[in-house]
file entry12.cif (mmCIF, C-alpha atoms)
data_structure
#
loop_
_atom_site.group_PDB
_atom_site.id
_atom_site.type_symbol
_atom_site.label_atom_id
_atom_site.label_comp_id
_atom_site.auth_asym_id
_atom_site.auth_seq_id
_atom_site.Cartn_x
_atom_site.Cartn_y
_atom_site.Cartn_z
ATOM 1 C CA MET A 1 -28.328 30.254 -4.214
ATOM 2 C CA GLY A 2 -26.574 33.105 -2.456
ATOM 3 C CA THR A 3 -23.012 33.177 -1.201
ATOM 4 C CA GLU A 4 -23.737 34.727 2.179
ATOM 5 C CA GLY A 5 -22.245 32.611 4.937
ATOM 6 C CA VAL A 6 -20.201 30.457 2.553
ATOM 7 C CA ARG A 7 -16.858 29.611 4.136
ATOM 8 C CA THR A 8 -13.653 29.643 2.135
ATOM 9 C CA ASP A 9 -11.208 28.655 4.870
ATOM 10 C CA ARG A 10 -9.741 25.146 4.715
ATOM 11 C CA LEU A 11 -11.743 23.697 7.592
ATOM 12 C CA GLY A 12 -14.913 25.380 6.395
ATOM 13 C CA LEU A 13 -14.592 23.895 2.919
ATOM 14 C CA LEU A 14 -13.993 20.418 4.308
ATOM 15 C CA LEU A 15 -16.900 20.679 6.739
ATOM 16 C CA ASP A 16 -19.285 22.036 4.105
ATOM 17 C CA GLN A 17 -18.362 19.183 1.774
ATOM 18 C CA PHE A 18 -18.912 16.652 4.550
ATOM 19 C CA ASP A 19 -22.216 18.208 5.625
ATOM 20 C CA HIS A 20 -23.571 18.160 2.078
ATOM 21 C CA ALA A 21 -22.534 14.528 1.618
ATOM 22 C CA ARG A 22 -24.058 13.573 4.956
ATOM 23 C CA GLU A 23 -27.355 15.327 4.168
ATOM 24 C CA THR A 24 -27.564 13.537 0.819
ATOM 25 C CA ALA A 25 -26.665 10.178 2.351
ATOM 26 C CA GLU A 26 -29.194 10.461 5.163
ATOM 27 C CA ALA A 27 -31.951 11.141 2.648
ATOM 28 C CA ARG A 28 -30.868 8.216 0.458
ATOM 29 C CA LEU A 29 -30.837 5.842 3.439
ATOM 30 C CA ALA A 30 -34.354 6.713 4.599
ATOM 31 C CA GLY A 31 -36.608 3.681 4.788
ATOM 32 C CA LEU A 32 -33.815 1.087 4.704
ATOM 33 C CA GLY A 33 -35.184 -2.255 5.867
ATOM 34 C CA ASP A 34 -33.433 -5.328 7.226
ATOM 35 C CA GLU A 35 -33.944 -7.487 4.113
ATOM 36 C CA GLU A 36 -32.516 -4.845 1.788
ATOM 37 C CA TYR A 37 -29.703 -4.078 4.239
ATOM 38 C CA LEU A 38 -28.503 -7.708 4.112
ATOM 39 C CA TRP A 39 -29.349 -8.397 0.448
ATOM 40 C CA GLU A 40 -26.521 -10.072 -1.480
ATOM 41 C CA PRO A 41 -26.691 -8.952 -5.135
ATOM 42 C CA ALA A 42 -24.394 -11.788 -6.259
ATOM 43 C CA PRO A 43 -22.827 -14.964 -4.853
ATOM 44 C CA GLY A 44 -19.748 -14.466 -2.706
ATOM 45 C CA CYS A 45 -20.622 -11.014 -1.370
ATOM 46 C CA TRP A 46 -18.945 -9.658 1.710
ATOM 47 C CA SER A 47 -21.418 -8.805 4.451
ATOM 48 C CA ILE A 48 -21.878 -9.009 8.203
ATOM 49 C CA ARG A 49 -22.332 -12.547 9.481
ATOM 50 C CA ARG A 50 -22.679 -14.409 12.744
ATOM 51 C CA ARG A 51 -19.390 -15.307 14.341
ATOM 52 C CA GLY A 52 -18.427 -18.742 13.108
ATOM 53 C CA GLU A 53 -20.283 -18.277 9.818
ATOM 54 C CA ALA A 54 -17.936 -15.699 8.283
ATOM 55 C CA VAL A 55 -16.650 -16.602 4.825
ATOM 56 C CA THR A 56 -13.483 -14.479 4.999
ATOM 57 C CA PRO A 57 -10.300 -15.187 6.985
ATOM 58 C CA ARG A 58 -10.025 -11.872 8.858
ATOM 59 C CA ALA A 59 -13.656 -11.055 9.686
ATOM 60 C CA PHE A 60 -13.794 -9.007 12.885
ATOM 61 C CA GLY A 61 -16.067 -7.473 15.500
ATOM 62 C CA PRO A 62 -16.527 -7.618 19.277
ATOM 63 C CA GLY A 63 -19.936 -9.296 19.365
ATOM 64 C CA GLU A 64 -22.052 -12.005 17.778
ATOM 65 C CA TRP A 65 -21.907 -10.387 14.318
ATOM 66 C CA VAL A 66 -18.659 -9.763 12.448
ATOM 67 C CA LEU A 67 -17.672 -7.792 9.343
ATOM 68 C CA ASP A 68 -16.136 -9.756 6.462
ATOM 69 C CA LEU A 69 -12.497 -8.993 5.679
ATOM 70 C CA GLY A 70 -10.378 -10.988 3.243
ATOM 71 C CA ALA A 71 -6.736 -11.879 3.194
ATOM 72 C CA ALA A 72 -4.378 -8.933 3.241
ATOM 73 C CA ASP A 73 -3.226 -7.796 -0.203
ATOM 74 C CA ILE A 74 -2.534 -4.728 -2.309
ATOM 75 C CA PRO A 75 -5.248 -4.365 -4.981
ATOM 76 C CA ALA A 76 -4.211 -3.280 -8.459
ATOM 77 C CA SER A 77 -6.014 0.029 -8.012
ATOM 78 C CA GLU A 78 -3.525 0.903 -5.247
ATOM 79 C CA TYR A 79 -0.298 0.153 -7.159
ATOM 80 C CA ALA A 80 0.199 3.862 -7.859
ATOM 81 C CA GLU A 81 -0.218 4.652 -4.152
ATOM 82 C CA VAL A 82 2.459 2.118 -3.247
ATOM 83 C CA ALA A 83 4.786 3.622 -5.865
ATOM 84 C CA ARG A 84 4.108 7.087 -4.401
ATOM 85 C CA GLN A 85 4.931 5.829 -0.901
ATOM 86 C CA ALA A 86 8.255 4.454 -2.166
ATOM 87 C CA GLU A 87 9.047 7.682 -4.029
ATOM 88 C CA ASP A 88 8.355 9.643 -0.841
ATOM 89 C CA GLY A 89 11.038 7.634 0.933
ATOM 90 C CA MET A 90 8.970 4.978 2.728
ATOM 91 C CA THR A 91 10.976 1.772 3.116
ATOM 92 C CA VAL A 92 9.796 -1.549 1.711
ATOM 93 C CA GLU A 93 9.498 -2.803 5.287
ATOM 94 C CA LYS A 94 7.254 0.113 6.291
ATOM 95 C CA ILE A 95 5.094 -0.268 3.172
ATOM 96 C CA ALA A 96 4.659 -3.974 3.916
ATOM 97 C CA ASP A 97 3.629 -3.157 7.478
ATOM 98 C CA ASP A 98 1.262 -0.423 6.253
ATOM 99 C CA TRP A 99 -0.558 -2.850 3.917
ATOM 100 C CA SER A 100 -0.155 -5.931 6.167
ATOM 101 C CA VAL A 101 1.527 -7.884 3.378
ATOM 102 C CA SER A 102 4.868 -9.596 2.853
ATOM 103 C CA LEU A 103 8.019 -7.861 1.668
ATOM 104 C CA GLU A 104 7.851 -10.024 -1.448
ATOM 105 C CA ARG A 105 4.379 -8.731 -2.282
ATOM 106 C CA VAL A 106 5.538 -5.116 -2.007
ATOM 107 C CA ARG A 107 8.496 -5.831 -4.250
ATOM 108 C CA GLU A 108 6.168 -7.463 -6.793
ATOM 109 C CA VAL A 109 4.007 -4.346 -6.871
ATOM 110 C CA LEU A 110 6.970 -1.992 -7.151
ATOM 111 C CA ALA A 111 8.383 -4.100 -9.998
ATOM 112 C CA HIS A 112 5.079 -4.110 -11.868
ATOM 113 C CA THR A 113 5.472 -2.283 -15.184
ATOM 114 C CA GLY A 114 2.434 -3.259 -17.262
ATOM 115 C CA PRO A 115 -1.167 -2.083 -16.946
ATOM 116 C CA PRO A 116 -2.741 -3.113 -13.642
ATOM 117 C CA LYS A 117 -4.831 -6.242 -13.648
ATOM 118 C CA PRO A 118 -8.548 -5.800 -12.961
ATOM 119 C CA ASP A 119 -9.291 -5.792 -9.249
ATOM 120 C CA GLU A 120 -10.867 -8.883 -7.807
ATOM 121 C CA ALA A 121 -12.522 -7.038 -4.950
ATOM 122 C CA PRO A 122 -15.825 -8.691 -4.055
ATOM 123 C CA LEU A 123 -19.257 -7.178 -4.258
ATOM 124 C CA THR A 124 -20.676 -6.200 -0.903
ATOM 125 C CA THR A 125 -23.975 -5.737 0.847
ATOM 126 C CA ILE A 126 -25.267 -2.440 2.175
ATOM 127 C CA ALA A 127 -24.621 -3.868 5.622
ATOM 128 C CA TRP A 128 -20.939 -4.304 4.776
ATOM 129 C CA ARG A 129 -20.551 -0.818 3.289
ATOM 130 C CA LEU A 130 -22.250 0.802 6.262
ATOM 131 C CA GLY A 131 -20.292 -1.323 8.736
ATOM 132 C CA HIS A 132 -17.029 -0.465 6.983
ATOM 133 C CA LEU A 133 -17.806 3.247 7.177
ATOM 134 C CA HIS A 134 -18.825 2.922 10.840
ATOM 135 C CA PHE A 135 -15.490 1.250 11.584
ATOM 136 C CA HIS A 136 -13.653 3.861 9.503
ATOM 137 C CA PHE A 137 -15.005 6.768 11.562
ATOM 138 C CA ALA A 138 -15.102 5.109 14.994
ATOM 139 C CA GLY A 139 -11.425 4.129 14.911
ATOM 140 C CA PRO A 140 -10.023 7.428 13.633
ATOM 141 C CA TRP A 141 -12.079 9.344 16.217
ATOM 142 C CA GLU A 142 -10.610 7.225 19.028
ATOM 143 C CA TRP A 143 -7.056 7.659 17.694
ATOM 144 C CA THR A 144 -7.405 11.393 17.013
ATOM 145 C CA PHE A 145 -9.761 12.860 19.598
ATOM 146 C CA GLY A 146 -10.120 9.964 22.053
ATOM 147 C CA GLU A 147 -7.705 8.123 24.320
ATOM 148 C CA ARG A 148 -5.705 6.674 21.421
ATOM 149 C CA ARG A 149 -5.526 3.233 22.978
ATOM 150 C CA ARG A 150 -8.596 1.132 22.102
ATOM 151 C CA GLU A 151 -8.414 -1.471 19.334
ATOM 152 C CA PRO A 152 -10.445 -0.111 16.378
ATOM 153 C CA LYS A 153 -11.735 -3.570 15.428
ATOM 154 C CA LEU A 154 -13.497 -3.829 18.784
ATOM 155 C CA LEU A 155 -15.253 -0.454 18.649
ATOM 156 C CA VAL A 156 -18.247 -1.305 16.435
ATOM 157 C CA ASP A 157 -20.878 -3.816 17.535
ATOM 158 C CA PHE A 158 -22.227 -4.906 14.146
ATOM 159 C CA THR A 159 -25.910 -5.754 13.915
ATOM 160 C CA PRO A 160 -28.337 -7.318 11.394
ATOM 161 C CA SER A 161 -30.866 -4.597 12.224
ATOM 162 C CA ALA A 162 -30.778 -1.782 9.666
ATOM 163 C CA GLY A 163 -32.500 0.641 12.019
ATOM 164 C CA LEU A 164 -30.112 -0.019 14.906
ATOM 165 C CA ALA A 165 -27.082 0.091 12.609
ATOM 166 C CA LEU A 166 -28.110 3.500 11.283
ATOM 167 C CA GLU A 167 -28.842 4.837 14.760
ATOM 168 C CA ARG A 168 -25.384 3.850 15.966
ATOM 169 C CA PHE A 169 -23.719 5.011 12.753
ATOM 170 C CA TRP A 170 -25.162 8.520 12.748
ATOM 171 C CA ALA A 171 -24.192 8.929 16.421
ATOM 172 C CA VAL A 172 -20.556 8.214 15.502
ATOM 173 C CA ILE A 173 -20.733 10.539 12.496
ATOM 174 C CA ASP A 174 -22.179 13.339 14.656
ATOM 175 C CA ARG A 175 -19.379 12.866 17.206
ATOM 176 C CA TRP A 176 -16.763 13.008 14.444
ATOM 177 C CA ARG A 177 -18.317 16.151 12.942
ATOM 178 C CA GLU A 178 -18.476 17.904 16.318
ATOM 179 C CA SER A 179 -14.842 17.105 17.106
ATOM 180 C CA VAL A 180 -13.577 18.157 13.677
ATOM 181 C CA ASP A 181 -15.407 21.473 14.007
ATOM 182 C CA GLY A 182 -13.097 22.371 16.895
ATOM 183 C CA VAL A 183 -9.825 21.700 15.069
ATOM 184 C CA THR A 184 -7.443 24.679 14.913
ATOM 185 C CA GLU A 185 -5.393 25.878 11.949
ATOM 186 C CA GLU A 186 -2.270 24.632 13.708
ATOM 187 C CA GLN A 187 -3.806 21.185 14.156
ATOM 188 C CA LEU A 188 -4.803 21.064 10.470
ATOM 189 C CA ASP A 189 -1.111 21.432 9.629
ATOM 190 C CA THR A 190 0.092 18.976 12.270
ATOM 191 C CA VAL A 191 1.623 15.802 10.878
ATOM 192 C CA GLY A 192 0.538 12.927 13.114
ATOM 193 C CA PHE A 193 -2.409 14.682 14.742
ATOM 194 C CA SER A 194 -4.233 11.453 13.876
ATOM 195 C CA GLN A 195 -2.505 8.288 15.044
ATOM 196 C CA TYR A 196 -5.026 5.851 13.568
ATOM 197 C CA PRO A 197 -3.083 2.562 13.329
ATOM 198 C CA TYR A 198 -4.821 1.032 10.282
ATOM 199 C CA SER A 199 -3.643 3.750 7.917
ATOM 200 C CA ASN A 200 -0.744 6.060 7.190
ATOM 201 C CA ASP A 201 -2.603 9.030 8.751
ATOM 202 C CA ALA A 202 0.270 9.659 11.142
ATOM 203 C CA GLU A 203 2.477 10.616 8.197
ATOM 204 C CA TYR A 204 0.210 13.385 6.862
ATOM 205 C CA PRO A 205 -1.037 16.810 7.989
ATOM 206 C CA PHE A 206 -4.498 16.440 9.468
ATOM 207 C CA ALA A 207 -6.039 18.550 6.680
ATOM 208 C CA ALA A 208 -5.081 15.795 4.228
ATOM 209 C CA VAL A 209 -6.500 13.143 6.563
ATOM 210 C CA LEU A 210 -9.822 15.003 6.681
ATOM 211 C CA ALA A 211 -9.944 15.273 2.905
ATOM 212 C CA GLY A 212 -9.381 11.523 2.670
ATOM 213 C CA SER A 213 -12.122 10.813 5.215
ATOM 214 C CA ASN A 214 -14.565 12.921 3.223
ATOM 215 C CA LEU A 215 -13.757 10.951 0.076
ATOM 216 C CA GLU A 216 -14.173 7.672 1.951
ATOM 217 C CA PHE A 217 -17.618 8.746 3.142
ATOM 218 C CA ILE A 218 -18.683 9.986 -0.292
ATOM 219 C CA HIS A 219 -17.593 6.995 -2.341
ATOM 220 C CA HIS A 220 -19.035 4.367 0.011
ATOM 221 C CA MET A 221 -22.323 6.240 0.283
ATOM 222 C CA ALA A 222 -22.466 6.415 -3.519
ATOM 223 C CA GLU A 223 -22.039 2.636 -3.631
ATOM 224 C CA ILE A 224 -24.801 2.197 -1.050
ATOM 225 C CA ALA A 225 -27.079 4.427 -3.126
ATOM 226 C CA LEU A 226 -26.438 2.254 -6.186
ATOM 227 C CA LEU A 227 -27.232 -0.902 -4.216
ATOM 228 C CA ARG A 228 -30.494 0.703 -3.109
ATOM 229 C CA ASP A 229 -31.351 1.465 -6.740
ATOM 230 C CA LEU A 230 -30.607 -2.131 -7.752
ATOM 231 C CA TRP A 231 -32.770 -3.414 -4.909
ATOM 232 C CA ARG A 232 -35.635 -1.176 -5.947
ATOM 233 C CA ILE A 233 -35.451 -2.315 -9.581
ATOM 234 C CA ARG A 234 -35.175 -5.950 -8.514
ATOM 235 C CA SER A 235 -38.173 -5.648 -6.240
ATOM 236 C CA ALA A 236 -40.237 -3.907 -8.937
ATOM 237 C CA ALA A 237 -39.327 -6.563 -11.512
ATOM 238 C CA GLY A 238 -40.262 -9.354 -9.134
#

call {"tool": "encode", "arguments": {"input": "entry12.cif", "output": "structure tokens"}}
result
Amino acid sequence: MGTEGVRTDRLGLLLDQFDHARETAEARLAGLGDEEYLWEPAPGCWSIRRRGEAVTPRAFGPGEWVLDLGAADIPASEYAEVARQAEDGMTVEKIADDWSVSLERVREVLAHTGPPKPDEAPLTTIAWRLGHLHFHFAGPWEWTFGERRREPKLLVDFTPSAGLALERFWAVIDRWRESVDGVTEEQLDTVGFSQYPYSNDAEYPFAAVLAGSNLEFIHHMAEIALLRDLWRIRSAAG
């Protein structure tokens, strides 16, 4: 593999990483069918469900189908992030608002001194992972490159159709990629260039926000790939 055309600027590195992850993900998602898309590998999975049939208290979506979302909390895996926020000068009140939890819960986390307890995050379906990613990129686009006014939880019309979900998802990803490609060096350094409300993006330079978005895409697509492997093995064994 040659090095001709390889970019070493900040935006180029971030875009190349994203493009490679997207190419890999698109190949791994080829042939996804509805049954596999909605398959629950264990009882109690989070998924997309018809409105009124959701099993979680904060499931959301604008249409007939909603995306599961549990009660607000700070998982053990994020204790270090909360400590970092406090060390950086964020008030307990702001941290509580950032995580949508009580002041008491934040104080509990900040007072925690032992090893973190194992997370109790649920298993999810491919539909949930894909829907979560769709929401993650639709909202930040609106609050970075769009009008910065629409409620992110109303931007994604979730669907039980794998084909339709992928069609809509890749359209949002393409829009995000096209907009990011036009970001200037000054904008990469701008704190608050993204005003996405369900995050602390507004407190970071946009370069850091992009790096975080890449990681979000990569780790959820890796989880989807694993679920596809489990489905394939299950189907072969059956």

call {"tool": "atom_distance", "arguments": {"input": "entry12.cif", "atom1": "atom CA of A:Thr144", "atom2": "atom CA of A:Gly192"}}
result
9.0 Å

call {"tool": "closest_atom_pairs", "arguments": {"input": "entry12.cif", "of": "stretch 15-79 of chain A", "to": "stretch 102-109 of chain A", "cutoff": "9 Å", "atoms": "all atoms listed in the file", "output": "tab-separated table"}}
result
residue	atom	partner	partner_atom	distance
A:Asp73	CA	A:Arg105	CA	7.9
A:Ile74	CA	A:Val109	CA	8.0
A:Ala76	CA	A:Val109	CA	8.4
A:Tyr79	CA	A:Val109	CA	6.2

call {"tool": "resolve_selection", "arguments": {"input": "entry12.cif", "expression": "the PyMOL selection byres ((chain A and resi 124) around 10)", "output": "PyMOL selection string"}}
result
chain A and resi 38-48+68+121-123+125-129+223-224+227

call {"tool": "resolve_selection", "arguments": {"input": "entry12.cif", "expression": "the PyMOL selection byres ((chain A and resi 184-191) around 8)", "output": "list in words"}}
result
Leu11, Gly182, Val183, Gly192, Phe193, Ser194, Ala202, Glu203, Tyr204, Pro205, Phe206 and Ala207 of chain A

call {"tool": "closest_residue", "arguments": {"input": "entry12.cif", "among": "A:Arg168, A:His132, A:Arg10, A:Arg148", "to": "A:Gly61", "atoms": "all atoms listed in the file"}}
result
A:His132

call {"tool": "closest_residue", "arguments": {"input": "entry12.cif", "among": "A:His136, A:Arg228, A:Arg177, A:His20", "to": "A:Glu35", "atoms": "only C-alpha atoms"}}
result
A:Arg228

call {"tool": "atom_distance", "arguments": {"input": "entry12.cif", "atom1": "atom CA of A:Leu166", "atom2": "atom CA of A:Ala59"}}
result
20.6 Å

call {"tool": "closest_residue", "arguments": {"input": "entry12.cif", "among": "A:Gly131, A:Gly12, A:Gly5, A:Gly33", "to": "A:Leu67", "atoms": "all atoms listed in the file"}}
result
A:Gly131

call {"tool": "resolve_selection", "arguments": {"input": "entry12.cif", "expression": "the PyMOL selection byres ((chain A and resi 98) around 10)", "output": "mmCIF file with C-alpha atoms, in the frame of the given file"}}
result
data_model
loop_
_atom_site.group_PDB
_atom_site.id
_atom_site.type_symbol
_atom_site.label_atom_id
_atom_site.label_comp_id
_atom_site.auth_asym_id
_atom_site.auth_seq_id
_atom_site.Cartn_x
_atom_site.Cartn_y
_atom_site.Cartn_z
ATOM 1 C CA VAL A 82 2.459 2.118 -3.247
ATOM 2 C CA VAL A 92 9.796 -1.549 1.711
ATOM 3 C CA GLU A 93 9.498 -2.803 5.287
ATOM 4 C CA LYS A 94 7.254 0.113 6.291
ATOM 5 C CA ILE A 95 5.094 -0.268 3.172
ATOM 6 C CA ALA A 96 4.659 -3.974 3.916
ATOM 7 C CA ASP A 97 3.629 -3.157 7.478
ATOM 8 C CA TRP A 99 -0.558 -2.850 3.917
ATOM 9 C CA SER A 100 -0.155 -5.931 6.167
ATOM 10 C CA VAL A 101 1.527 -7.884 3.378
ATOM 11 C CA PRO A 197 -3.083 2.562 13.329
ATOM 12 C CA TYR A 198 -4.821 1.032 10.282
ATOM 13 C CA SER A 199 -3.643 3.750 7.917
ATOM 14 C CA ASN A 200 -0.744 6.060 7.190
#

call {"tool": "axis_aligned_box", "arguments": {"input": "entry12.cif", "around": "stretch 121-130 of chain A", "padding_each_side": "4 Å", "output": "lines of an AutoDock Vina configuration file"}}
result
center_x = -18.9
center_y = -3.9
center_z = 0.7
size_x = 20.7
size_y = 17.5
size_z = 19.2

call {"tool": "build_atoms", "arguments": {"input": "entry12.cif", "residues": "stretch 145-161 of chain A", "atoms": "N, CA, C and O atoms", "output": "compact mmCIF listing (two decimals), keeping the file's coordinate frame"}}
result
# COMPACT_ATOMS: atom_id res chain seq x y z
N PHE A 145 -9.15 12.03 18.56
CA PHE A 145 -9.76 12.86 19.60
C PHE A 145 -9.99 12.10 20.91
O PHE A 145 -10.29 12.72 21.93
N GLY A 146 -9.87 10.78 20.87
CA GLY A 146 -10.12 9.96 22.05
C GLY A 146 -8.84 9.66 22.83
O GLY A 146 -7.88 10.43 22.82
N GLU A 147 -8.84 8.49 23.47
CA GLU A 147 -7.70 8.12 24.32
C GLU A 147 -6.55 7.52 23.54
O GLU A 147 -5.48 7.28 24.11
N ARG A 148 -6.75 7.23 22.29
CA ARG A 148 -5.70 6.67 21.42
C ARG A 148 -5.14 5.37 21.99
O ARG A 148 -3.93 5.15 22.01
N ARG A 149 -6.01 4.50 22.42
CA ARG A 149 -5.53 3.23 22.98
C ARG A 149 -6.41 2.04 22.62
O ARG A 149 -5.95 0.91 22.61
N ARG A 150 -7.69 2.27 22.32
CA ARG A 150 -8.60 1.13 22.10
C ARG A 150 -8.44 0.55 20.70
O ARG A 150 -8.22 1.28 19.74
N GLU A 151 -8.53 -0.77 20.61
CA GLU A 151 -8.41 -1.47 19.33
C GLU A 151 -9.60 -1.12 18.44
O GLU A 151 -10.76 -1.35 18.81
N PRO A 152 -9.35 -0.53 17.25
CA PRO A 152 -10.44 -0.11 16.38
C PRO A 152 -11.40 -1.24 16.00
O PRO A 152 -12.61 -1.02 15.85
N LYS A 153 -10.88 -2.46 15.86
CA LYS A 153 -11.74 -3.57 15.43
C LYS A 153 -12.69 -4.04 16.51
O LYS A 153 -13.54 -4.91 16.26
N LEU A 154 -12.59 -3.48 17.69
CA LEU A 154 -13.50 -3.83 18.78
C LEU A 154 -14.46 -2.69 19.13
O LEU A 154 -15.21 -2.78 20.10
N LEU A 155 -14.46 -1.64 18.32
CA LEU A 155 -15.25 -0.45 18.65
C LEU A 155 -16.67 -0.49 18.10
O LEU A 155 -17.54 0.24 18.59
N VAL A 156 -16.93 -1.30 17.08
CA VAL A 156 -18.25 -1.30 16.43
C VAL A 156 -18.93 -2.65 16.67
O VAL A 156 -18.41 -3.69 16.26
N ASP A 157 -20.08 -2.61 17.31
CA ASP A 157 -20.88 -3.82 17.54
C ASP A 157 -21.83 -3.97 16.35
O ASP A 157 -22.89 -3.35 16.31
N PHE A 158 -21.44 -4.76 15.38
CA PHE A 158 -22.23 -4.91 14.15
C PHE A 158 -23.56 -5.60 14.44
O PHE A 158 -23.65 -6.42 15.35
N THR A 159 -24.56 -5.26 13.66
CA THR A 159 -25.91 -5.75 13.92
C THR A 159 -26.65 -6.03 12.61
O THR A 159 -26.42 -5.33 11.62
N PRO A 160 -27.53 -7.05 12.58
CA PRO A 160 -28.34 -7.32 11.39
C PRO A 160 -29.54 -6.41 11.27
O PRO A 160 -30.30 -6.50 10.30
N SER A 161 -29.74 -5.54 12.24
CA SER A 161 -30.87 -4.60 12.22
C SER A 161 -30.45 -3.31 11.52
O SER A 161 -29.56 -2.60 11.99
